[in-house]
Every structure is written in structure tokens, then in C-alpha cells.
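Here's the structure we're looking at; comments come further down.
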Number of protein chains: 2
Amino acid sequence: MAGATGLTRATVSALVDDLVTGALLTEVEPAPRSGAGRPAFGLTLAPDGPAGLGLEINVDYRAACVVDLAGTVRHRLVEPGDQRLTDPGTAVAALGRLAARARTLAEADGLTVAGAALAVPGLVTAHGVVRIAPNLGWQDVAVGDLLGDPEITVDNEANLAALSELGTAGLPRDFVYISGEIGIGAGIVLDGALYRGTRGWSGEIGHIPINPDGPACRCGARGCLEQYAGQEAVLRAAGVSTVEALASAAAGGESTALTALGAAGGALGVAVAAVVNLLDVRTIVLGGSYASLLPWLHDPIAAEADRRVLTAAWSPVRLHAATLGADAAMRGAAGSVVRALLDDPAAWLARRP
Amino acid sequence: MAGATGLTRATVSALVDDLVTGALLTEVEPAPRSGAGRPAFGLTLAPDGPAGLGLEINVDYRAACVVDLAGTVRHRLVEPGDQRLTDPGTAVAALGRLAARARTLAEADGLTVAGAALAVPGLVTAHGVVRIAPNLGWQDVAVGDLLGDPEITVDNEANLAALSELGTAGLPRDFVYISGEIGIGAGIVLDGALYRGTRGWSGEIGHIPINPDGPACRCGARGCLEQYAGQEAVLRAAGVSTVEALASAAAGGESTALTALGAAGGALGVAVAAVVNLLDVRTIVLGGSYASLLPWLHDPIAAEADRRVLTAAWSPVRLHAATLGADAAMRGAAGSVVRALLDDPAAWLARRP
DNA sequence: CCGATTTGTTTATTGGTTGAATTATTTGAG
DNA sequence: CTCAAATAATTCAACCAATAAACAAATCGG
């Protein structure tokens with residue numbers, strides 16, 4: 001460890017001591033090793049130290065999960081139910097009860113919830129106020145205050161979902177996560193950190209112009225990506241009503257479905273080209289409903305992107321499917337709490353003397 | 001100073017002492033002040049300490065400048081001449097002689113050249129090799145080796161031009177600089193630092209798709225921004241041959257010129273919308289030939305951008321003209337050296353004991 | 001001229017890190 | 001089995017940068 005960090009063995013010893021007494025690390029059996037010399041102690045991130053509480057409120061469900069320092073999901077609670085019908089206060093109160101249940105479960109495990117983060121499908125200000133969440137019908141909702149937890153982090157679901165993919169094996173430190181749901185959002189990860197933008201409103205990829213004279217969008221403009229590759233547009237073009245139906249139709253080789261997916265992929269490819277030309281990320285992660293549709297979206301996206309990305313000849317765009325599915329945003333939320341702990345363990349140690 | 005930094009007066013004293021003895025700061029007459037108390041010493045960035053050498057090689061000129069710690073341009077050398085006709089070796093050798101002259105002038109002033117940076121109109125790898133510079137006809141040119149200065153920083157001209165605007169009064173820490181020349185490039189400044197992308201190829205805004213079925217571009221795709229708002233396209237549409245002629249035609253109210261500028265502005269607005277939706281920067285700086293054409297470009301860009309940016313209703317996109325004109329890239333290059341000095345003065349002090 | 005006010009320096013102290021020496025625990029050779 | 005070599009971990013004096021607090025310097029206003 002001293003070798004890897006450049007610090008002295010003495011220093012590492014002192015720091016590790018602090019972390020062990022602070023219950024962030026625990027000593028375990030040393031890893032079996034060959035060769036002479038005294039074997040090193042084994043160390044793991046404590047499975048019974050502080051943990052992160054991840055929350056999500058979305059169009060048709062509420063969810064909570066508890067993730068420990070090692071990144072393991074220790075508890076997972078999902079409550080289906082249309083959130084659009086209830087007013088924000090009622091929905092948030094229900095979420096608060098779910099969060100309390102998760103906390104209780106965590107404490108029964110000996111975990112301490114060190115913080116919470118909430119994923120919301122909408123624009124969130126830097127102060128954690130939901131500026132607008134069109135699909136929930138929310139506007140200027142101060143979720144933290146309503147939850148009675150002003151410390152909570154509130155963030156866009158695509159941003160948090162992107163964070164959940166960060167650290168996945170094979171993913172670089174720079175990528176853009178594109179989440180295809182009713183709306184299309186993106187989480188931009190640059191140099192291992194989420195890029196939120198000046199006001200936290202980055203990643204509105206759904207409204208990148210694909211064709212300036214295209215169909216009208218509910219945002220007031222014309223030809224936004226959402227009108228070509230949004231869930232509603234694709235399902236309508238394919239003549240089916242659910243993503244599952246679309247996937248099975250495509251698997252069955254139905255030409256309407258394949259044409260619809262090809263068109264959506266082409267539009268996505270144009271947007272991906274814009275993103276890659278601008279940001280020079282070489283990896284795009286497709287999440288939300290795009291993850292399960294990637295078998296049919298991959299080639300049209302790649303064809304269009306490679307044609308339009310200036311540097312594609314030397315290094316083509318890499319398309320990955322997201323790995324976490326529907327839990328991505330919630331797990332990213334919990335993960336963001338854990339990441340904050342790992343990034344500044346001293347702050348946590350100072351909080352509990 | 002202690003108040004601003006949160007350090008003790010004693011600490012500041014010690015640090016300032018080091019910087020003064022290291023010739024990075026000089027004591028000057030204290031600024032006149034009212035009120036009781038012992039007057040403070042005046043301090044300025046040393047006008048005779050280390051300086052940055054900024055170089056630029058472009059289609060029709062070579063240039064060098066020396067910028068001191070305070071950011072003042074102390075020397076400026078420009079040599080016109082078509083670089084396209086000469087092979088890279090000859091062009092770089094001529095640039096090397098220009099750089100040597102600038103160095104001599106700087107030393108005559110008591111300045112020490114602490115480092116150099118070179119702006120090139122093309123894609124540059126992280127190791128300072130020009131991967132491709134289409135308008136120079138260069139491909140895989142290791143400029144640093146040719147110059148005999150492997151320490152030199154080589155970067156894209158739009159990137160360095162963006163840096164030159166950073167620190168300008170009224171500009172925030174996040175903006176995108178769009179440089180309109182033969183090609184269209186962008187420098188992305190996020191949180192006060194240039195974002196270069198995974199391989200240093202960010203900002204290729206000229207090849208953002210505006211209309212997927214638009215005119216063919218020399219990059220092989222169709223409908224790139226460059227085909228709508230590149231210098232050649234705009235001049236052709238306006239029926240003039242130089243940017244100056246276009247500006248005076250527009251100033252004279254000639255409708256062909258105004259129409260051409262309106263169309264270019266509209267296309268730029270679409271690209272700006274893509275950038276802002278994606279990155280949530282609220283400021284766009286227009287440089288290169290766009291700076292002088294901004295009076296006629298501003299409204300079409302703003303109209304299109306505000307229509308297409310999701311958050312424009314709350315906070316419209318702000319368009320600024322670049323302030324430095326043709327010298328921007330060269331001055332940004334020199335400035336990047338100076339910035340590196342200011343960011344880590346201890347490294348410089350360590351280099352000269 | 002004197003006290004109030006602000007700036008700058010001096011000095012002892014502190015906290016975190018280093019380096020060298022020391023102790024601990026294993027492997028492998030004789 | 002024993003001992004040397006190898007690797008890990010700890011101890012402790014020394015160091016460095018920053019701090020706090022006291023002190024000296026320079027100015028203003030009455």
C-alpha cells in the first residue's frame with residue numbers, strides 16, 4: 001500500500017489505524033501469497049460501517065436501497081404505484097416512510113446510514129430543489145425540506161445512473177450514459193467524475209436537434225432527439241405498446257419493429273456523433289429501455305456515429321449496454337453517498353468521535 | 001491576503017517572502033488607502049521574472065509572443081507566409097528561428113522564458129504530436145522533436161484561444177469558445193479549466209450534424225455545421241471573397257450578405273443548442289471571424305438557440321464576442337505557460353535554486 | 001502627543017509526515 | 001531443525017509547514 005501511494009509505511013500504518021478504529025476498514029485473513037517474508041494483513045472496506053441510502057422516485061414506482069462501503073446492495077425496497085396522480089407532498093411522504101423502513105433494516109444489520117441521495121426524473125437545482133419534473137408533474141418542489149432531511153442530495157436520475165456504471169469493469173473514466181425512458185437523459189462522466197454543468201442541468205440530450213425541420217416536440221422546438229428515439233415515438237412507429245412487446249417483436253424478426261428500431265438507432269447515432277465530436281469520449285453506455293433494445297439499436301447507432309464522428313477512423317465509438325437495469329439510478333444514488341465517504345473518510349471520522 | 005486565503009498572516013508572510021526572493025512577486029508602492037492602521041505593502045506579479053513563450057503556426061502566418069507573469073504581451077512577432085506550400089520540417093524550422101528571436105528579445109528585457117506552448121490548427125495527441133492538420137496538410141508531425149524542444153506543449157488553436165479568454169472580465173468559469181475560421185473549432189472551458197477529452201480531440205463542433213441529409217462535407221459525412229457556417233460556405237453564399245468584404249456588405253445592408261449571415265447564424269444556433277443542452281454552459285464566446293461578424297450573427301444564433309435550449313426560458317444563452325481577435329491562440333499559448341507557473345509556483349522555484 | 005487600528009514579524013507549539021532502526025513473521029536452504 | 005533472507009509492521013526522533021499569540025511598526029484622528 002505504501003508502494004502504491006508513495007507514502008511511507010509508517011504513514012500508511014497511522015492512517016490505516018485511524019480507519020480501522022473508525023470502523024471504515026476491517027482486518028481480514030490475508031490473501032494467500034507465495035514467497036518469503038512476513039505476510040501482510042488483509043484489509044477490506046468494513047461491511048458493518050457506514051452505508052449509503054439510495055432513493056428513487058419515478059413515474060410508476062418508489063424505491064430505496066442500502067449500499068455498504070464495499071458497494072454491496074444490502075437492502076432493496078420497491079413500491080410500485082403511479083406517482084403522477086398524487087401531489088408531491090403525498091408522494092414524498094410515502095417515500096419518507098420507505099426510507100425509514102430501509103434505515104431500520106440497515107440498523108438491524110449493524111450499519112449506520114451516513115447519508116442519503118435521491119434520484120428524480122427532472123431538472124434539479126444545485127440546492128436540491130426539483131425545478132421541473134415533467135413526467136411527475138412537479139415544479140419547484142423542495143424535496144429535502146418535505147422529507148425532513150435537508151442534508152439529502154437530490155439529483156437527476158440519468159446523472160445518478162451514470163454514476164452507478166462508473167467503476168464497472170471495462171468502463172473508462174470518461175463516458176456518456178444515455179438513459180432512454182419516456183424522456184431521454186444523459187449523465188456525463190468526465191475524468192471519473194460526474195459533470196453536472198453550471199446549474200446542474202447538463203445532459204439534456206433528448207432535446208439535441210436531429211433535424212431542424214422535424215416533428216414538433218413538447219419542449220416547443222422541432223426535431224429534438226426525443227421525437228425520433230423517445231419511448232413513445234419508437235413504440236408508436238413499431239405499433240406496439242410496451243418495450244417488452246417491442247423487444248419480442250424485434251426478436252421475432254417483424255419488419256415494422258425492426259424499421260422502427262433502425263430509425264431510432266439512426267437518430268441516436270446522430271446525437272452520439274454530436275456528443276463525441278464535442279467531448280471526445282470514446283464510450284457511450286446505453287441504459288434504461290435502450291439497454292434491452294441494444295441488440296437491434298447497436299448497428300444503426302454505430303453506423304451513423306462512425307460516419308459522422310471525425311476521429312472514428314482511428315478509434316470508433318464504443319457502445320455498451322448498461323449493466324444495472326432499472327435499479328441503476330437508485331444504486332447510483334446510494335453509490336454517490338458511499339463514494340463521498342470514500343473520497344473523504346476523514347470527514348466521516350470527524351463526525352463520530 | 002490572509003483574510004482572503006484563510007491562512008495566518010505569519011504563513012502568508014513566509015510564502016510571500018519565498019515568492020519575492022524567487023522573483024515571482026515584487027514589492028511596489030502601496031495602494032493609497034484611507035483609514036487608520038499601518039499601510040500594507042504593495043505586491044505585483046514580477047514584470048521581470050519568468051515569462052511564457054506562445055507560438056502559433058497557421059495557414060497563412062507564423063507567430064510568436066512573450067507574455068509576462070502579469071499577462072502583459074511584452075513582445076509579438078508575426079511572419080506572414082503560406083505554410084501549406086512548405087513541408088512540415090521547413091515550416092517548423094522557420095518557427096524555431098522565430099521562437100529564438102522572441103527568446104532573445106525576452107532575455108534582453110530581463111525575462112526568463114519558463115516554457116513554451118504552440119497552437120496548431122489540427123488534432124493533437126496527448127504527447128504533442130500533430131495527428132492531422134488538414135489545412136496545413138500535416139499528418140503525424142512530432143513538432144516538439146522537430147523544434148528541438150521536447151518540453152513544449154502543443155495544442156489545438158481553438159483550445160488555446162479559449163484559454164486566452166479565460167480570466168477576461170465578465171466571463172464565467174464555464175463557457176464554450178467557438179472559433180470560426182476555414183474550419184470551425186471549439187474550446188470547452190469547464191470549471192475554469194480546459195476540457196481536452198480522452199485523447200485531446202474535444203471541440204470538433206464543425207462536424208456536429210445540423211441536418212442529416214444536408215450537403216456533403218469533406219469529412220465524409222453530410223450536413224455538418226461547417227457546411228452551413230464555415231467561412232467558405234458563408235462567403236460563397238454571400239458572393240464575396242473575404243470576411244472583411246462580407247462585414248462591409250452587411251454593414252451596407254446588402255440583402256445577399258444579410259441572408260447568408262442569417263443562415264449561418266441559424267445553423268450556429270442549432271449547434272449552440274446542442275452544446276448547451278448537453279453541457280449546461282450559459283455562455284458562448286464567438287471568436288475567429290465570428291467575432292467581427294457577431295453584430296449580424298447574434299440575433300439568428302440567439303433566436304435558434306433559445307428556441308431549442310430546454311432551459312432557455314429561465315436563463316437564456318449569453319453570446320459574447322471574443323476580445324483578442326487573431327492573436328487569441330498565440331496569446332492563449334503563452335498564457336497557458338504563465339497559468340502553469342501561477343498554479344504551481346513552487347515547481348518553478350524548485351527549478352532555479 | 002496618545003490611543004486606536006491595521007500590518008508585519010517573531011517565537012513557541014502543533015500535527016502530520018519522513019527516515020532509520022527495530023521487531024515480527026514467514027519461506028527456503030543446509 | 002536451524003538459520004539466513006525476505007517481507008511486514010511498528011516505534012521514535014527529527015523535520016516541515018502552518019498556527020496562535022505576543023510584539024513591533026506605521027499610520028490616522030482627536
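So you can find residues: chains in the C-alpha cells are A, B, ... in the order shown, residues in each start at 1, and ligands are numbered from 1 in order.
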
- request: Using only C-alpha atoms (C1' of nucleotides), determine which residues of chain A fall within 9 Å of chain C; present them as an MDAnalysis selection string.
  value: chainID A and resid 7:8 10:11 34:39

- prompt: Which residues of chain A are close to chain B, meaning at most 7 Å apart when you count only C-alpha atoms, and how do they look as a ChimeraX atom specification?
  reply: /A:174,197-199,201-205,207-212,219,221,270,273-274,277-281,307-308,310

Please, could you write that set of residues out with C-alpha atoms as a PDB file, in the first residue's frame?
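Once everything was written out, this is result08.pdb:
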```
ATOM      1  CA  ASP A 174     -14.807   9.134 -19.402  1.00  0.00           C
ATOM      2  CA  GLY A 197     -22.962  21.770 -15.636  1.00  0.00           C
ATOM      3  CA  THR A 198     -23.143  25.308 -14.323  1.00  0.00           C
ATOM      4  CA  ARG A 199     -26.610  24.850 -12.852  1.00  0.00           C
ATOM      5  CA  TRP A 201     -28.786  20.856 -15.971  1.00  0.00           C
ATOM      6  CA  SER A 202     -26.328  19.072 -18.175  1.00  0.00           C
ATOM      7  CA  GLY A 203     -27.194  16.009 -20.211  1.00  0.00           C
ATOM      8  CA  GLU A 204     -30.468  17.126 -21.798  1.00  0.00           C
ATOM      9  CA  ILE A 205     -29.613  15.036 -24.800  1.00  0.00           C
ATOM     10  CA  HIS A 207     -33.519  17.863 -26.959  1.00  0.00           C
ATOM     11  CA  ILE A 208     -30.462  17.867 -29.160  1.00  0.00           C
ATOM     12  CA  PRO A 209     -31.696  18.889 -32.606  1.00  0.00           C
ATOM     13  CA  ILE A 210     -31.611  15.972 -35.062  1.00  0.00           C
ATOM     14  CA  ASN A 211     -33.379  17.677 -37.908  1.00  0.00           C
ATOM     15  CA  PRO A 212     -34.193  21.378 -37.565  1.00  0.00           C
ATOM     16  CA  CYS A 219     -40.457  21.401 -25.433  1.00  0.00           C
ATOM     17  CA  ALA A 221     -38.819  23.210 -30.597  1.00  0.00           C
ATOM     18  CA  VAL A 270     -26.605  11.403 -34.995  1.00  0.00           C
ATOM     19  CA  ALA A 273     -21.897  11.834 -33.128  1.00  0.00           C
ATOM     20  CA  ALA A 274     -22.613  15.311 -31.804  1.00  0.00           C
ATOM     21  CA  ASN A 277     -17.331  15.259 -31.722  1.00  0.00           C
ATOM     22  CA  LEU A 278     -17.831  17.725 -28.926  1.00  0.00           C
ATOM     23  CA  LEU A 279     -16.498  15.851 -25.909  1.00  0.00           C
ATOM     24  CA  ASP A 280     -14.175  13.210 -27.339  1.00  0.00           C
ATOM     25  CA  VAL A 281     -15.456  10.438 -25.125  1.00  0.00           C
ATOM     26  CA  ARG A 307     -19.867   8.080 -40.362  1.00  0.00           C
ATOM     27  CA  ARG A 308     -20.185  11.390 -38.539  1.00  0.00           C
ATOM     28  CA  LEU A 310     -14.397  12.978 -37.219  1.00  0.00           C
TER      29      LEU A 310
END
```

Near chain A, 9 Å: chain D residue rows, closest pairs, only C-alpha atoms (C1' of nucleotides), as CSV:
```
residue,atom,partner,partner_atom,distance
D:DA5,C1',A:Ala36,CA,8.1
D:DA6,C1',A:Gly37,CA,4.6
D:DT7,C1',A:Gly37,CA,3.7
D:DA8,C1',A:Arg38,CA,5.3
D:DA9,C1',A:Ser13,CA,7.6
D:DT10,C1',A:Ala10,CA,7.6
```

Dump C-alpha atoms (C1' of nucleotides) for the selected residues as a compact mmCIF listing (two decimals), in the first residue's frame?
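For reference, part-v4.txt as written:
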```txt
# COMPACT_ATOMS: atom_id res chain seq x y z
C1' DA D 5 16.96 -13.91 3.65
C1' DA D 6 12.79 -11.60 2.72
C1' DT D 7 8.89 -9.06 3.65
C1' DA D 8 5.66 -6.59 7.04
C1' DA D 9 4.64 -3.67 10.55
C1' DT D 10 5.85 -0.57 14.49
```

task: Looking only at strand (DSSP E or B) from DSSP on the backbone, list the matching residues of segment 103-244 of chain A as a ChimeraX atom specification.
output: /A:112-120,123-124,130-133,138-141,153-156,175-180,184-190,193-195,209,216,222,224

- request: Could you give me the residues within segment 67-293 of chain A that DSSP places in alpha helix (DSSP H), as a PyMOL selection string?
  value: chain A and resi 88-108+143-147+157-165+226-229+231-238+243-251+255-279+289-293

Using C-alpha atoms, can you export the residues from the last selection as a PDB file, in the first residue's frame?
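Written out: part-v3.pdb:
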```pdb
ATOM      1  CA  PRO A  88     -45.692  15.972  -4.493  1.00  0.00           C
ATOM      2  CA  GLY A  89     -46.271  16.193  -0.721  1.00  0.00           C
ATOM      3  CA  THR A  90     -48.083  12.843  -0.579  1.00  0.00           C
ATOM      4  CA  ALA A  91     -45.582  11.130  -2.844  1.00  0.00           C
ATOM      5  CA  VAL A  92     -42.638  12.428  -0.854  1.00  0.00           C
ATOM      6  CA  ALA A  93     -44.247  11.424   2.442  1.00  0.00           C
ATOM      7  CA  ALA A  94     -44.647   7.870   1.136  1.00  0.00           C
ATOM      8  CA  LEU A  95     -41.033   7.924   0.027  1.00  0.00           C
ATOM      9  CA  GLY A  96     -40.061   9.114   3.508  1.00  0.00           C
ATOM     10  CA  ARG A  97     -41.792   6.084   5.055  1.00  0.00           C
ATOM     11  CA  LEU A  98     -39.967   3.808   2.613  1.00  0.00           C
ATOM     12  CA  ALA A  99     -36.673   5.461   3.525  1.00  0.00           C
ATOM     13  CA  ALA A 100     -37.400   4.985   7.221  1.00  0.00           C
ATOM     14  CA  ARG A 101     -38.046   1.274   6.655  1.00  0.00           C
ATOM     15  CA  ALA A 102     -34.749   0.970   4.793  1.00  0.00           C
ATOM     16  CA  ARG A 103     -32.956   2.753   7.614  1.00  0.00           C
ATOM     17  CA  THR A 104     -34.441   0.358  10.172  1.00  0.00           C
ATOM     18  CA  LEU A 105     -33.369  -2.658   8.124  1.00  0.00           C
ATOM     19  CA  ALA A 106     -29.874  -1.202   7.815  1.00  0.00           C
ATOM     20  CA  GLU A 107     -29.550  -0.565  11.531  1.00  0.00           C
ATOM     21  CA  ALA A 108     -30.663  -4.114  12.255  1.00  0.00           C
ATOM     22  CA  VAL A 143     -37.858  17.547  -1.711  1.00  0.00           C
ATOM     23  CA  GLY A 144     -35.242  17.794   1.020  1.00  0.00           C
ATOM     24  CA  ASP A 145     -37.455  20.000   3.155  1.00  0.00           C
ATOM     25  CA  LEU A 146     -40.516  17.823   2.520  1.00  0.00           C
ATOM     26  CA  LEU A 147     -38.539  14.748   3.559  1.00  0.00           C
ATOM     27  CA  GLU A 157     -31.825  10.105 -12.458  1.00  0.00           C
ATOM     28  CA  ALA A 158     -29.621   9.922 -15.550  1.00  0.00           C
ATOM     29  CA  ASN A 159     -26.767  11.542 -13.636  1.00  0.00           C
ATOM     30  CA  LEU A 160     -27.020   9.058 -10.798  1.00  0.00           C
ATOM     31  CA  ALA A 161     -27.496   6.118 -13.152  1.00  0.00           C
ATOM     32  CA  ALA A 162     -24.301   7.168 -14.905  1.00  0.00           C
ATOM     33  CA  LEU A 163     -22.506   7.153 -11.570  1.00  0.00           C
ATOM     34  CA  SER A 164     -23.728   3.635 -10.905  1.00  0.00           C
ATOM     35  CA  GLU A 165     -21.942   2.440 -14.030  1.00  0.00           C
ATOM     36  CA  GLU A 226     -36.883  12.627 -28.251  1.00  0.00           C
ATOM     37  CA  GLN A 227     -39.226  12.817 -31.252  1.00  0.00           C
ATOM     38  CA  TYR A 228     -37.162  10.172 -33.039  1.00  0.00           C
ATOM     39  CA  ALA A 229     -35.833   7.915 -30.314  1.00  0.00           C
ATOM     40  CA  GLN A 231     -40.012   5.623 -25.990  1.00  0.00           C
ATOM     41  CA  GLU A 232     -43.334   6.973 -27.183  1.00  0.00           C
ATOM     42  CA  ALA A 233     -42.127   7.702 -30.702  1.00  0.00           C
ATOM     43  CA  VAL A 234     -40.466   4.307 -31.106  1.00  0.00           C
ATOM     44  CA  LEU A 235     -43.405   2.337 -29.729  1.00  0.00           C
ATOM     45  CA  ARG A 236     -45.824   4.261 -31.938  1.00  0.00           C
ATOM     46  CA  ALA A 237     -43.691   3.634 -35.029  1.00  0.00           C
ATOM     47  CA  ALA A 238     -43.449  -0.048 -34.162  1.00  0.00           C
ATOM     48  CA  VAL A 243     -40.820  -2.069 -24.570  1.00  0.00           C
ATOM     49  CA  GLU A 244     -41.106  -5.803 -23.873  1.00  0.00           C
ATOM     50  CA  ALA A 245     -43.514  -6.219 -26.774  1.00  0.00           C
ATOM     51  CA  LEU A 246     -41.126  -4.290 -28.988  1.00  0.00           C
ATOM     52  CA  ALA A 247     -38.191  -6.479 -27.982  1.00  0.00           C
ATOM     53  CA  SER A 248     -40.057  -9.687 -28.669  1.00  0.00           C
ATOM     54  CA  ALA A 249     -41.400  -8.384 -31.980  1.00  0.00           C
ATOM     55  CA  ALA A 250     -37.852  -7.480 -32.997  1.00  0.00           C
ATOM     56  CA  ALA A 251     -36.581 -10.860 -31.831  1.00  0.00           C
ATOM     57  CA  SER A 255     -40.159  -5.748 -40.054  1.00  0.00           C
ATOM     58  CA  THR A 256     -42.227  -2.892 -38.560  1.00  0.00           C
ATOM     59  CA  ALA A 257     -40.396  -3.275 -35.279  1.00  0.00           C
ATOM     60  CA  LEU A 258     -37.020  -3.567 -36.952  1.00  0.00           C
ATOM     61  CA  THR A 259     -37.656  -0.499 -39.092  1.00  0.00           C
ATOM     62  CA  ALA A 260     -38.729   1.498 -36.054  1.00  0.00           C
ATOM     63  CA  LEU A 261     -35.629   0.460 -34.140  1.00  0.00           C
ATOM     64  CA  GLY A 262     -33.435   1.211 -37.129  1.00  0.00           C
ATOM     65  CA  ALA A 263     -34.838   4.716 -37.387  1.00  0.00           C
ATOM     66  CA  ALA A 264     -34.443   5.317 -33.647  1.00  0.00           C
ATOM     67  CA  GLY A 265     -30.893   3.994 -33.776  1.00  0.00           C
ATOM     68  CA  GLY A 266     -30.061   6.279 -36.673  1.00  0.00           C
ATOM     69  CA  ALA A 267     -31.295   9.316 -34.761  1.00  0.00           C
ATOM     70  CA  LEU A 268     -29.416   8.194 -31.677  1.00  0.00           C
ATOM     71  CA  GLY A 269     -26.327   7.795 -33.823  1.00  0.00           C
ATOM     72  CA  VAL A 270     -26.605  11.403 -34.995  1.00  0.00           C
ATOM     73  CA  ALA A 271     -26.862  12.561 -31.383  1.00  0.00           C
ATOM     74  CA  VAL A 272     -23.985  10.328 -30.342  1.00  0.00           C
ATOM     75  CA  ALA A 273     -21.897  11.834 -33.128  1.00  0.00           C
ATOM     76  CA  ALA A 274     -22.613  15.311 -31.804  1.00  0.00           C
ATOM     77  CA  VAL A 275     -21.646  14.219 -28.292  1.00  0.00           C
ATOM     78  CA  VAL A 276     -18.431  12.501 -29.353  1.00  0.00           C
ATOM     79  CA  ASN A 277     -17.331  15.259 -31.722  1.00  0.00           C
ATOM     80  CA  LEU A 278     -17.831  17.725 -28.926  1.00  0.00           C
ATOM     81  CA  LEU A 279     -16.498  15.851 -25.909  1.00  0.00           C
ATOM     82  CA  SER A 289     -35.006   0.758 -22.144  1.00  0.00           C
ATOM     83  CA  TYR A 290     -32.107   1.132 -24.594  1.00  0.00           C
ATOM     84  CA  ALA A 291     -30.163  -1.491 -22.647  1.00  0.00           C
ATOM     85  CA  SER A 292     -32.571  -4.282 -23.557  1.00  0.00           C
ATOM     86  CA  LEU A 293     -33.033  -2.988 -27.104  1.00  0.00           C
TER      87      LEU A 293
END
```

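Interatomic distance, atom CA of Leu166 of chain B against atom CA of Glu27 of chain B: 26.6 Å.
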